[in-house]
$ cat model.csv   # CSV, C-alpha atoms
chain,number,residue,atom,x,y,z
A,670,MET,CA,129.7,149.6,213.0
A,671,THR,CA,127.1,147.0,213.6
A,672,ASN,CA,127.5,143.3,214.1
A,673,ARG,CA,127.1,141.8,210.6
A,674,HIS,CA,124.1,139.5,210.4
A,675,SER,CA,123.1,138.0,207.1
A,676,LEU,CA,119.8,139.4,205.7
A,677,SER,CA,119.0,136.0,204.4
A,678,SER,CA,118.6,134.8,208.0
A,679,LEU,CA,116.0,137.5,208.6
A,680,LEU,CA,114.2,136.5,205.5
A,681,ALA,CA,114.3,132.8,206.3
A,682,ALA,CA,112.7,133.6,209.7
A,683,LEU,CA,110.1,135.8,208.0
A,684,LEU,CA,109.2,133.1,205.4
A,685,PHE,CA,109.1,130.4,208.2
A,686,THR,CA,106.6,132.5,210.2
A,687,LEU,CA,104.3,133.1,207.2
A,688,LEU,CA,104.4,129.8,205.4
A,689,HIS,CA,104.8,127.1,208.1
A,690,GLN,CA,102.9,128.4,211.1
A,691,SER,CA,99.5,127.0,210.0
A,692,ALA,CA,101.1,123.8,208.8
A,693,ALA,CA,102.8,123.3,212.1
A,694,GLN,CA,99.6,123.8,214.0
A,695,HIS,CA,97.7,121.3,211.8
A,696,THR,CA,100.5,118.7,212.0
A,697,PHE,CA,100.6,118.7,215.8
A,698,GLN,CA,96.8,118.6,216.1
A,699,GLN,CA,96.4,115.7,213.7
A,700,LYS,CA,99.5,113.7,214.7
A,701,PRO,CA,99.8,113.7,218.5
A,702,TRP,CA,102.6,111.1,218.3
A,703,LEU,CA,104.9,113.9,217.1
A,704,ARG,CA,104.8,115.3,220.6
A,705,ARG,CA,107.2,112.7,221.8
A,706,THR,CA,110.8,113.4,222.2
A,707,ALA,CA,113.4,112.6,219.6
A,708,ARG,CA,115.1,109.2,219.6
A,709,PRO,CA,118.1,109.3,222.0
A,710,THR,CA,121.5,109.1,220.5
A,711,PHE,CA,123.0,107.2,223.5
A,712,ARG,CA,122.3,103.8,224.9
A,713,THR,CA,119.6,103.6,227.6
A,714,THR,CA,118.3,100.9,229.8
A,715,PRO,CA,114.6,99.8,229.7
A,716,ARG,CA,114.0,101.5,233.0
A,717,GLN,CA,115.4,104.8,231.7
A,718,ARG,CA,113.2,104.6,228.6
A,719,SER,CA,110.1,104.0,230.6
A,720,THR,CA,110.8,107.2,232.7
A,721,ARG,CA,111.7,109.3,229.7
A,722,THR,CA,110.3,112.8,229.8
A,723,THR,CA,107.9,113.8,227.0
A,724,TYR,CA,107.7,117.4,225.7
A,725,ALA,CA,104.8,119.2,224.3
A,726,ALA,CA,104.8,120.9,220.9
A,727,PRO,CA,106.3,124.4,220.9
A,728,ARG,CA,103.7,127.1,221.5
A,729,GLN,CA,102.8,129.1,218.4
A,730,ALA,CA,102.9,132.8,218.7
A,731,ASP,CA,99.5,134.6,219.0
A,732,LEU,CA,99.3,136.7,215.8
A,733,THR,CA,95.7,137.7,216.1
A,734,SER,CA,96.6,141.3,217.0
A,735,HIS,CA,98.7,141.5,213.9
A,736,TYR,CA,96.0,140.4,211.4
A,737,LEU,CA,94.2,142.9,209.2
A,738,ASP,CA,90.8,142.2,207.6
A,739,TYR,CA,90.9,142.1,203.8
A,740,ASP,CA,88.1,144.6,203.5
A,741,ASP,CA,89.9,147.1,205.8
A,742,TRP,CA,93.2,147.2,203.9
A,743,ALA,CA,91.6,147.0,200.5
A,744,THR,CA,89.6,150.2,201.1
A,745,ASP,CA,92.3,152.0,203.2
A,746,LYS,CA,94.4,154.5,201.2
A,747,LYS,CA,97.3,154.2,203.5
A,748,ALA,CA,97.6,150.4,203.3
A,749,ARG,CA,99.5,148.8,200.5
A,750,LEU,CA,101.2,145.5,199.8
A,751,TRP,CA,104.6,145.4,201.2
A,752,ASN,CA,106.9,145.5,198.2
A,753,VAL,CA,110.3,144.4,199.2
A,754,LYS,CA,113.0,144.3,196.5
A,755,LEU,CA,115.6,142.0,197.9
A,756,ASN,CA,117.4,141.5,194.6
A,757,SER,CA,117.9,145.2,194.1
A,758,ARG,CA,121.3,144.8,192.4
A,759,ARG,CA,120.9,145.0,188.6
A,760,PRO,CA,123.5,145.5,185.9
A,761,ASN,CA,124.5,149.1,185.4
A,762,SER,CA,122.4,150.3,188.4
A,763,TYR,CA,123.1,151.3,191.9
A,764,SER,CA,121.0,151.5,195.1
A,765,TRP,CA,120.3,154.9,196.6
A,766,THR,CA,122.6,154.0,199.5
A,767,SER,CA,125.5,153.6,196.9
A,768,LYS,CA,124.5,156.8,195.2
A,769,ILE,CA,124.6,158.7,198.5
A,770,VAL,CA,128.1,157.2,199.2
A,771,LEU,CA,129.3,158.3,195.7
A,772,ALA,CA,127.8,161.8,196.2
A,773,ASN,CA,129.7,162.2,199.5
A,774,VAL,CA,133.0,161.0,197.9
A,775,ALA,CA,132.5,163.5,195.0
A,776,MET,CA,131.7,166.3,197.4
A,777,TYR,CA,134.9,165.6,199.4
A,778,ALA,CA,136.9,165.7,196.2
A,779,LEU,CA,135.3,169.1,195.5
A,780,GLN,CA,136.2,170.2,199.0
A,781,ALA,CA,139.8,169.3,198.4
A,782,TRP,CA,139.8,171.2,195.0
A,783,LYS,CA,137.9,174.2,196.3
A,784,PRO,CA,138.0,174.7,200.0
A,785,ALA,CA,135.4,177.5,199.7
A,786,VAL,CA,132.8,174.7,199.4
A,787,THR,CA,133.3,173.8,203.0
A,788,ASN,CA,132.7,177.4,204.1
A,789,TRP,CA,129.6,177.6,202.0
A,790,GLY,CA,127.9,174.4,203.4
A,791,VAL,CA,129.2,174.0,207.0
A,792,LYS,CA,126.7,174.3,209.8
A,793,ILE,CA,126.7,177.8,211.4
A,794,SER,CA,124.4,177.9,214.4
A,795,ASP,CA,123.8,181.7,214.4
A,796,LYS,CA,122.5,181.8,210.9
A,797,ILE,CA,120.3,178.7,211.3
A,798,LEU,CA,118.7,180.1,214.5
A,799,ARG,CA,118.0,183.4,212.8
A,800,GLY,CA,116.3,181.6,209.9
A,801,GLU,CA,119.0,182.5,207.4
A,802,GLU,CA,120.6,180.1,204.9
A,803,LEU,CA,118.5,177.2,206.1
A,804,TYR,CA,120.1,175.0,203.4
A,805,ARG,CA,122.9,174.5,206.0
A,806,LEU,CA,120.6,172.0,207.7
A,807,ILE,CA,121.1,169.6,204.8
A,808,SER,CA,124.5,170.7,203.2
A,809,PRO,CA,126.7,169.5,206.1
A,810,VAL,CA,125.4,166.0,205.6
A,811,PHE,CA,127.5,165.8,202.4
A,812,LEU,CA,130.6,167.4,203.7
A,813,HIS,CA,133.5,165.8,205.7
A,814,GLY,CA,136.6,167.0,207.5
A,815,SER,CA,139.1,164.2,206.7
A,816,VAL,CA,139.5,161.0,204.8
A,817,PHE,CA,139.0,158.9,208.0
A,818,HIS,CA,135.8,160.9,208.8
A,819,LEU,CA,134.5,160.2,205.3
A,820,PHE,CA,135.5,156.5,205.3
A,821,SER,CA,134.0,155.7,208.7
A,822,ASN,CA,130.6,157.3,207.9
A,823,MET,CA,130.3,155.8,204.4
A,824,TYR,CA,131.4,152.4,205.6
A,825,SER,CA,128.7,152.4,208.2
A,826,LEU,CA,126.1,153.7,205.8
A,827,GLN,CA,127.0,151.1,203.1
A,828,ARG,CA,126.8,148.2,205.6
A,829,LEU,CA,123.4,149.1,207.1
A,830,GLY,CA,121.8,151.4,204.6
A,831,LYS,CA,121.2,148.8,202.0
A,832,HIS,CA,119.2,146.7,204.4
A,833,THR,CA,117.2,149.7,205.5
A,834,GLU,CA,116.5,150.8,202.0
A,835,GLN,CA,115.2,147.3,201.1
A,836,MET,CA,112.8,147.2,204.1
A,837,PHE,CA,111.6,150.9,203.8
A,838,GLY,CA,111.8,151.4,200.0
A,839,PRO,CA,113.9,154.1,198.3
A,840,GLY,CA,111.5,156.9,198.8
A,841,ARG,CA,111.1,156.6,202.6
A,842,PHE,CA,114.7,155.7,203.0
A,843,LEU,CA,115.9,158.9,201.3
A,844,THR,CA,113.4,161.0,203.1
A,845,GLY,CA,114.3,159.6,206.4
A,846,TYR,CA,118.0,160.0,205.7
A,847,LEU,CA,117.7,163.7,204.9
A,848,ALA,CA,115.2,164.3,207.7
A,849,ALA,CA,117.6,162.7,210.3
A,850,GLY,CA,120.5,164.8,209.0
A,851,ALA,CA,118.4,168.0,209.3
A,852,ALA,CA,117.2,167.1,212.8
A,853,GLY,CA,120.7,166.5,213.9
A,854,ASN,CA,122.0,169.8,212.6
A,855,LEU,CA,119.0,171.6,214.1
A,856,LEU,CA,119.6,170.2,217.6
A,857,SER,CA,123.3,170.9,217.3
A,858,ALA,CA,122.6,174.5,216.3
A,859,ILE,CA,120.4,174.9,219.4
A,860,ASN,CA,122.8,173.4,221.9
A,861,SER,CA,126.2,174.1,220.3
A,862,PRO,CA,127.6,177.3,218.8
A,863,ASN,CA,130.5,175.5,217.1
A,864,PRO,CA,130.4,174.8,213.4
A,865,ALA,CA,130.0,171.2,212.4
A,866,LEU,CA,129.9,169.0,209.3
A,867,GLY,CA,129.5,165.3,208.5
A,868,ALA,CA,127.0,162.6,207.7
A,869,SER,CA,127.2,160.9,211.1
A,870,GLY,CA,123.9,162.4,212.2
A,871,ALA,CA,122.1,161.0,209.2
A,872,VAL,CA,123.8,157.6,209.6
A,873,PHE,CA,122.6,157.6,213.3
A,874,GLY,CA,119.1,158.2,211.9
A,875,VAL,CA,119.4,155.3,209.6
A,876,MET,CA,120.5,153.0,212.5
A,877,ALA,CA,117.7,154.3,214.8
A,878,GLY,CA,115.1,153.9,212.1
A,879,PHE,CA,116.1,150.3,211.4
A,880,TYR,CA,116.1,149.6,215.1
A,881,VAL,CA,112.5,150.9,215.3
A,882,PHE,CA,111.5,148.6,212.4
A,883,LEU,CA,113.1,145.5,214.0
A,884,ASN,CA,111.5,146.1,217.4
A,885,ARG,CA,108.1,146.9,215.8
A,886,HIS,CA,108.1,143.6,213.9
A,887,ASP,CA,109.8,141.3,216.4
A,888,TRP,CA,106.8,139.0,216.1
A,889,LEU,CA,107.6,138.5,212.4
A,890,LEU,CA,111.4,138.4,212.4
A,891,GLY,CA,112.0,136.3,215.5
A,892,ARG,CA,115.3,135.7,217.1
A,893,GLN,CA,117.3,137.0,214.1
A,894,GLY,CA,115.6,140.4,214.4
A,895,ASP,CA,116.2,140.5,218.1
A,896,ALA,CA,119.9,139.8,217.7
A,897,PHE,CA,120.2,142.5,215.0
A,898,SER,CA,118.3,145.1,217.0
A,899,SER,CA,120.5,144.4,220.1
A,900,ALA,CA,123.6,144.9,218.0
A,901,ILE,CA,122.3,148.2,216.7
A,902,MET,CA,121.5,149.4,220.2
A,903,GLN,CA,124.9,148.5,221.4
A,904,THR,CA,126.5,150.4,218.5
A,905,LEU,CA,124.4,153.5,219.1
A,906,LEU,CA,125.2,153.6,222.8
A,907,MET,CA,128.9,153.0,222.2
A,908,ASN,CA,129.1,155.8,219.7
A,909,LEU,CA,127.2,158.2,221.9
A,910,ALA,CA,129.6,157.4,224.8
A,911,ILE,CA,132.6,158.0,222.5
A,912,GLY,CA,131.1,161.3,221.5
A,913,TYR,CA,130.6,162.3,225.1
A,914,VAL,CA,134.2,161.7,225.9
A,915,ASN,CA,135.7,163.2,222.8
A,916,PRO,CA,135.2,167.0,222.7
A,917,MET,CA,135.8,167.1,218.9
A,918,VAL,CA,132.7,165.0,218.3
A,919,ASP,CA,129.3,166.8,217.9
A,920,ASN,CA,127.3,164.5,220.1
A,921,TRP,CA,124.2,166.8,219.8
A,922,GLY,CA,124.2,166.1,216.1
A,923,HIS,CA,124.3,162.4,216.7
A,924,LEU,CA,121.5,162.5,219.2
A,925,GLY,CA,119.3,164.7,217.1
A,926,GLY,CA,119.9,162.4,214.0
A,927,ALA,CA,119.0,159.3,216.0
A,928,LEU,CA,115.8,160.9,217.3
A,929,GLY,CA,114.8,162.2,213.9
A,930,GLY,CA,115.4,158.9,212.2
A,931,ALA,CA,113.5,157.0,214.9
A,932,ALA,CA,110.5,159.5,214.6
A,933,MET,CA,110.4,159.1,210.8
A,934,ALA,CA,110.5,155.4,211.1
A,935,TYR,CA,107.8,155.3,213.7
A,936,TYR,CA,105.3,157.6,212.0
A,937,PHE,CA,106.2,157.1,208.3
A,938,GLY,CA,108.0,153.8,208.3
A,939,PRO,CA,106.6,150.3,207.5
A,940,ARG,CA,103.9,148.9,209.9
A,941,LEU,CA,103.3,145.4,208.7
A,942,PHE,CA,100.2,143.3,209.1
A,943,LEU,CA,99.1,139.8,208.0
A,944,THR,CA,95.9,139.5,206.0
A,945,GLU,CA,94.0,136.6,204.5
A,946,LEU,CA,93.4,136.7,200.7
A,947,PRO,CA,90.1,135.7,199.2
A,948,ASP,CA,91.7,132.6,197.6
A,949,GLY,CA,92.9,131.4,201.0
A,950,GLY,CA,96.5,132.6,200.9
A,951,ARG,CA,98.3,135.1,203.1
A,952,THR,CA,100.2,138.3,202.3
A,953,ILE,CA,101.9,141.1,204.2
A,954,VAL,CA,100.3,144.6,204.1
A,955,ASP,CA,102.1,147.8,205.0
A,956,ARG,CA,99.9,150.3,206.8
A,957,PRO,CA,102.0,153.2,208.3
A,958,ILE,CA,100.6,155.6,210.7
A,959,ILE,CA,101.1,158.5,208.2
A,960,ARG,CA,101.7,157.8,204.5
A,961,LEU,CA,104.1,160.0,202.8
A,962,PRO,CA,102.7,161.9,199.8
A,963,SER,CA,103.2,160.1,196.6
A,964,ALA,CA,105.0,163.1,195.2
A,965,ILE,CA,107.7,162.7,197.8
A,966,GLU,CA,107.8,158.9,198.0
A,967,SER,CA,108.3,158.6,194.3
A,968,ILE,CA,111.2,161.1,194.0
A,969,PRO,CA,113.9,158.3,193.7
A,970,GLU,CA,111.9,156.5,191.0
A,971,ARG,CA,111.2,159.7,189.0
A,972,THR,CA,114.8,160.7,189.3
A,973,GLY,CA,116.0,157.3,188.1
A,974,ASN,CA,113.6,157.5,185.1
A,975,MET,CA,114.7,161.0,184.3
A,976,TRP,CA,118.4,159.9,184.3
A,977,THR,CA,117.5,157.0,182.0
A,978,ARG,CA,115.7,159.2,179.5
A,979,MET,CA,118.7,161.6,179.6
A,980,THR,CA,121.2,158.8,178.8
A,981,ARG,CA,119.0,157.6,176.0
A,982,ARG,CA,118.9,161.1,174.4
A,983,MET,CA,122.6,161.3,174.7
A,984,GLN,CA,122.9,157.9,172.9
A,985,ILE,CA,125.7,156.7,175.2
A,986,TRP,CA,125.2,153.2,173.8
A,987,ARG,CA,126.8,154.3,170.5
A,988,PHE,CA,130.1,154.9,172.2
A,989,LYS,CA,130.4,151.6,174.0
A,990,ALA,CA,133.3,149.4,172.8
A,991,ASP,CA,132.3,146.2,171.0
A,992,LEU,CA,134.8,143.9,172.8
A,993,PRO,CA,134.4,140.2,173.7
A,994,ALA,CA,133.1,139.3,177.1
A,995,LYS,CA,136.5,138.0,178.3
A,996,PRO,CA,139.3,139.5,176.3
A,997,TRP,CA,141.9,138.4,178.9
A,998,ARG,CA,141.2,134.7,178.0
A,999,PRO,CA,141.8,134.6,174.3
A,1000,LYS,CA,142.8,130.9,174.0
A,1001,ARG,CA,141.9,127.6,175.4
A,1002,LYS,CA,144.3,125.4,177.4
A,1003,ASN,CA,145.2,123.5,174.2
A,1004,GLY,CA,146.0,126.7,172.4
A,1005,ALA,CA,142.9,126.9,170.2
A,1006,PRO,CA,141.3,130.4,170.0
A,1007,LEU,CA,137.8,130.8,171.5
A,1008,ASP,CA,134.9,131.4,169.3
A,1009,TYR,CA,132.8,133.9,171.3
A,1010,GLN,CA,129.9,133.9,168.9
A,1011,ARG,CA,129.7,130.1,168.9
A,1012,ARG,CA,129.7,130.1,172.7
A,1013,MET,CA,126.8,132.5,172.8
A,1014,ASP,CA,124.7,130.5,170.3
A,1015,THR,CA,125.5,127.0,171.6
A,1016,PRO,CA,123.7,125.8,174.7
A,1017,ASN,CA,125.6,124.5,177.7
A,1018,GLN,CA,127.0,121.0,177.4
A,1019,SER,CA,125.8,120.1,180.9
A,1020,ILE,CA,122.1,120.8,180.1
A,1021,ARG,CA,122.1,119.3,176.6
A,1022,PRO,CA,119.8,116.2,176.5
A,1023,LYS,CA,121.5,112.9,176.0
A,1024,GLU,CA,120.9,111.2,172.7
$ encode --input "model.csv" --output "structure tokens"
Amino acid sequence: MTNRHSLSSLLAALLFTLLHQSAAQHTFQQKPWLRRTARPTFRTTPRQRSTRTTYAAPRQADLTSHYLDYDDWATDKKARLWNVKLNSRRPNSYSWTSKIVLANVAMYALQAWKPAVTNWGVKISDKILRGEELYRLISPVFLHGSVFHLFSNMYSLQRLGKHTEQMFGPGRFLTGYLAAGAAGNLLSAINSPNPALGASGAVFGVMAGFYVFLNRHDWLLGRQGDAFSSAIMQTLLMNLAIGYVNPMVDNWGHLGGALGGAAMAYYFGPRLFLTELPDGGRTIVDRPIIRLPSAIESIPERTGNMWTRMTRRMQIWRFKADLPAKPWRPKRKNGAPLDYQRRMDTPNQSIRPKE
């Protein structure tokens, strides 16, 4: 749904702002000859060289309003170091974005097997407004009406959700996703009597929450963050316009999900500051307006630990096949069989020191 921008570009801009800002200021102050323009790549006459325009060094952004005293964040219970896990992909592990996608696919298969599941979890406005069966605020987020409906929502979630999860953390990402879905179903129940289902409201919440994060930290992410946020805003407006034209689309659910996700990101999402460390370095501190309770923020971690303990008790490792790493390549080009044990014990030839 959104224009694909590499997350590495955002991180490069972030690291450039943190590590090279002070170095650039020092360089231009101590070496004023660097203020001259670069050497021209075309031939010029002596008169043109004498009238050449000189340019001053680029102005550095004023980050004084984004600094936080070390004593303030060290004693503040809401402030923590911003722990961003960029390399979240590990063997035999999935992000919570992928787990949500798998859960939606499994629920759609269950719907196809037992259609009564759809009647059990679909949004019914009358019951929600009467305060009955309030689980219908969450259950429609995991139900879909067709394969195309499922694919479009899960594709959008997989493309953008992994970046949002890395910036927010699993706990706040999962809480914001469910809160956005519930807000979308609540606003839809108030304004529309028709039944509805689908994860599009929660996906709109993820997009709106990431948009709030990018705009709040435009001083840190630079042009890459501005380009990403503009692409997200264009996608949001385009989908709202499509929902306004198509009567089969629950646009109230989309609007409520976007508002709920934006509110969660504004109050509970990351609010980053720079701080000076006692040893002279810098770091990034996350100080949200409202910190989620640790019991809620640690739900994904505790769930993952519980699943790990359960698999260890089941001793699943005993039933794994002991096969070679690449059984589809049993021979070398010259016909000699591969010795997998020798390859594992012998170091790489390219890094072996020369005798």
$ closest_residue --input "model.csv" --among "A:Glu802, A:Glu970, A:Asp887, A:Asp740" --to "Thr944 (chain A)" --atoms "only C-alpha atoms"
A:Asp740
$ atom_distance --input "model.csv" --atom1 "CA of His832 (chain A)" --atom2 "CA of Thr980 (chain A)"
28.4 Å
$ residues_around --input "model.csv" --residues "Ser963 (chain A)" --least-positions-apart "3" --cutoff "12 Å" --atoms "all atoms listed in the file" --output "compact mmCIF listing (two decimals) with C-alpha atoms, in the coordinates of the input"
# COMPACT_ATOMS: atom_id res chain seq x y z
CA LYS A 746 94.40 154.50 201.20
CA LYS A 747 97.30 154.20 203.50
CA GLY A 840 111.50 156.90 198.80
CA ARG A 841 111.10 156.60 202.60
CA ILE A 959 101.10 158.50 208.20
CA ARG A 960 101.70 157.80 204.50
CA GLU A 966 107.80 158.90 198.00
CA SER A 967 108.30 158.60 194.30
CA ILE A 968 111.20 161.10 194.00
CA PRO A 969 113.90 158.30 193.70
CA GLU A 970 111.90 156.50 191.00
CA ARG A 971 111.20 159.70 189.00
$ atom_distance --input "model.csv" --atom1 "CA of Val954 (chain A)" --atom2 "CA of Gly874 (chain A)"
24.5 Å
$ residues_around --input "model.csv" --residues "Ala851 (chain A)" --least-positions-apart "3" --cutoff "12 Å" --atoms "only C-alpha atoms" --output "JSON, numbers by chain"
{"A": [792, 797, 803, 804, 805, 806, 807, 808, 809, 810, 811, 844, 845, 846, 847, 848, 854, 855, 856, 857, 858, 866, 867, 868, 869, 870, 871, 872, 873, 874, 922, 923, 924, 925, 926, 927, 928, 929, 930]}
$ residues_around --input "model.csv" --residues "Phe942 (chain A)" --least-positions-apart "5" --cutoff "7 Å" --atoms "all atoms listed in the file" --output "PyMOL selection string"
chain A and resi 735-737+953-955
$ atom_distance --input "model.csv" --atom1 "CA of Val875 (chain A)" --atom2 "CA of Leu889 (chain A)"
20.7 Å
$ closest_residue --input "model.csv" --among "A:Ile958, A:Ile769, A:Leu732, A:Leu906" --to "Leu843 (chain A)" --atoms "only C-alpha atoms"
A:Ile769
$ closest_residue --input "model.csv" --among "A:His813, A:Gly800, A:Tyr824, A:Ala852" --to "Leu779 (chain A)" --atoms "all atoms listed in the file"
A:His813
$ closest_residue --input "model.csv" --among "A:Tyr739, A:Trp751, A:Tyr763, A:Phe897" --to "Arg956 (chain A)" --atoms "all atoms listed in the file"
A:Trp751
$ residues_around --input "model.csv" --residues "Gly814 (chain A)" --least-positions-apart "5" --cutoff "10 Å" --atoms "all atoms listed in the file" --output "number ranges by chain"
A: 777, 780-781, 787, 819, 865-867
$ closest_residue --input "model.csv" --among "A:Met975, A:Leu890, A:Met907, A:Val786" --to "Leu812 (chain A)" --atoms "only C-alpha atoms"
A:Val786
$ closest_residue --input "model.csv" --among "A:Met979, A:Ala964, A:Leu943, A:Ile859" --to "Ala748 (chain A)" --atoms "only C-alpha atoms"
A:Leu943
$ residues_around --input "model.csv" --residues "Thr833 (chain A)" --least-positions-apart "6" --cutoff "10 Å" --atoms "all atoms listed in the file" --output "JSON, numbers by chain"
{"A": [766, 826, 839, 841, 842, 875, 876, 878, 879, 880, 882]}
$ decode --input "model.csv" --residues "region 913-921 of chain A" --atoms "all heavy atoms" --output "mmCIF file, in the first residue's frame"
data_model
loop_
_atom_site.group_PDB
_atom_site.id
_atom_site.type_symbol
_atom_site.label_atom_id
_atom_site.label_comp_id
_atom_site.auth_asym_id
_atom_site.auth_seq_id
_atom_site.Cartn_x
_atom_site.Cartn_y
_atom_site.Cartn_z
ATOM 1 N N TYR A 913 -15.043 5.809 0.598
ATOM 2 C CA TYR A 913 -16.183 6.721 0.485
ATOM 3 C C TYR A 913 -16.987 6.441 -0.785
ATOM 4 O O TYR A 913 -18.214 6.578 -0.793
ATOM 5 C CB TYR A 913 -15.679 8.158 0.479
ATOM 6 C CG TYR A 913 -16.767 9.192 0.389
ATOM 7 C CD1 TYR A 913 -17.516 9.550 1.512
ATOM 8 C CD2 TYR A 913 -17.048 9.828 -0.826
ATOM 9 C CE1 TYR A 913 -18.517 10.503 1.427
ATOM 10 C CE2 TYR A 913 -18.046 10.778 -0.921
ATOM 11 C CZ TYR A 913 -18.780 11.111 0.210
ATOM 12 O OH TYR A 913 -19.778 12.057 0.117
ATOM 13 N N VAL A 914 -16.320 6.024 -1.858
ATOM 14 C CA VAL A 914 -17.003 5.753 -3.120
ATOM 15 C C VAL A 914 -17.673 4.383 -3.105
ATOM 16 O O VAL A 914 -18.788 4.218 -3.611
ATOM 17 C CB VAL A 914 -16.005 5.874 -4.294
ATOM 18 C CG1 VAL A 914 -16.662 5.464 -5.604
ATOM 19 C CG2 VAL A 914 -15.465 7.289 -4.382
ATOM 20 N N ASN A 915 -17.005 3.401 -2.515
ATOM 21 C CA ASN A 915 -17.517 2.026 -2.527
ATOM 22 C C ASN A 915 -18.439 1.810 -1.337
ATOM 23 O O ASN A 915 -18.000 1.896 -0.185
ATOM 24 C CB ASN A 915 -16.355 1.050 -2.477
ATOM 25 C CG ASN A 915 -16.783 -0.381 -2.756
ATOM 26 O OD1 ASN A 915 -17.970 -0.690 -2.829
ATOM 27 N ND2 ASN A 915 -15.811 -1.261 -2.911
ATOM 28 N N PRO A 916 -19.717 1.491 -1.556
ATOM 29 C CA PRO A 916 -20.633 1.297 -0.415
ATOM 30 C C PRO A 916 -20.368 0.007 0.356
ATOM 31 O O PRO A 916 -20.862 -0.143 1.478
ATOM 32 C CB PRO A 916 -22.015 1.287 -1.075
ATOM 33 C CG PRO A 916 -21.766 0.838 -2.471
ATOM 34 C CD PRO A 916 -20.419 1.368 -2.849
ATOM 35 N N MET A 917 -19.603 -0.931 -0.213
ATOM 36 C CA MET A 917 -19.327 -2.188 0.470
ATOM 37 C C MET A 917 -18.183 -2.059 1.483
ATOM 38 O O MET A 917 -17.929 -2.995 2.228
ATOM 39 C CB MET A 917 -18.977 -3.265 -0.560
ATOM 40 C CG MET A 917 -20.090 -3.575 -1.530
ATOM 41 S SD MET A 917 -21.566 -4.216 -0.682
ATOM 42 C CE MET A 917 -20.923 -5.750 -0.036
ATOM 43 N N VAL A 918 -17.507 -0.937 1.488
ATOM 44 C CA VAL A 918 -16.374 -0.730 2.397
ATOM 45 C C VAL A 918 -16.856 0.024 3.634
ATOM 46 O O VAL A 918 -17.570 1.028 3.523
ATOM 47 C CB VAL A 918 -15.248 0.046 1.688
ATOM 48 C CG1 VAL A 918 -14.104 0.330 2.660
ATOM 49 C CG2 VAL A 918 -14.736 -0.736 0.486
ATOM 50 N N ASP A 919 -16.482 -0.479 4.800
ATOM 51 C CA ASP A 919 -16.847 0.169 6.060
ATOM 52 C C ASP A 919 -15.829 1.270 6.349
ATOM 53 O O ASP A 919 -14.806 1.045 7.005
ATOM 54 C CB ASP A 919 -16.870 -0.859 7.187
ATOM 55 C CG ASP A 919 -17.391 -0.274 8.491
ATOM 56 O OD1 ASP A 919 -17.859 0.885 8.473
ATOM 57 O OD2 ASP A 919 -17.332 -0.964 9.516
ATOM 58 N N ASN A 920 -16.104 2.460 5.841
ATOM 59 C CA ASN A 920 -15.157 3.556 6.003
ATOM 60 C C ASN A 920 -15.098 4.061 7.436
ATOM 61 O O ASN A 920 -14.071 4.632 7.850
ATOM 62 C CB ASN A 920 -15.526 4.705 5.060
ATOM 63 C CG ASN A 920 -14.313 5.311 4.386
ATOM 64 O OD1 ASN A 920 -13.249 4.687 4.333
ATOM 65 N ND2 ASN A 920 -14.440 6.510 3.860
ATOM 66 N N TRP A 921 -16.161 3.889 8.207
ATOM 67 C CA TRP A 921 -16.126 4.284 9.606
ATOM 68 C C TRP A 921 -15.120 3.440 10.383
ATOM 69 O O TRP A 921 -14.442 3.945 11.287
ATOM 70 C CB TRP A 921 -17.514 4.157 10.229
ATOM 71 C CG TRP A 921 -18.482 5.192 9.758
ATOM 72 C CD1 TRP A 921 -19.572 5.002 8.959
ATOM 73 C CD2 TRP A 921 -18.446 6.587 10.057
ATOM 74 N NE1 TRP A 921 -20.217 6.180 8.735
ATOM 75 C CE2 TRP A 921 -19.555 7.187 9.405
ATOM 76 C CE3 TRP A 921 -17.604 7.402 10.802
ATOM 77 C CZ2 TRP A 921 -19.828 8.539 9.475
ATOM 78 C CZ3 TRP A 921 -17.873 8.760 10.879
ATOM 79 C CH2 TRP A 921 -18.975 9.311 10.221
#
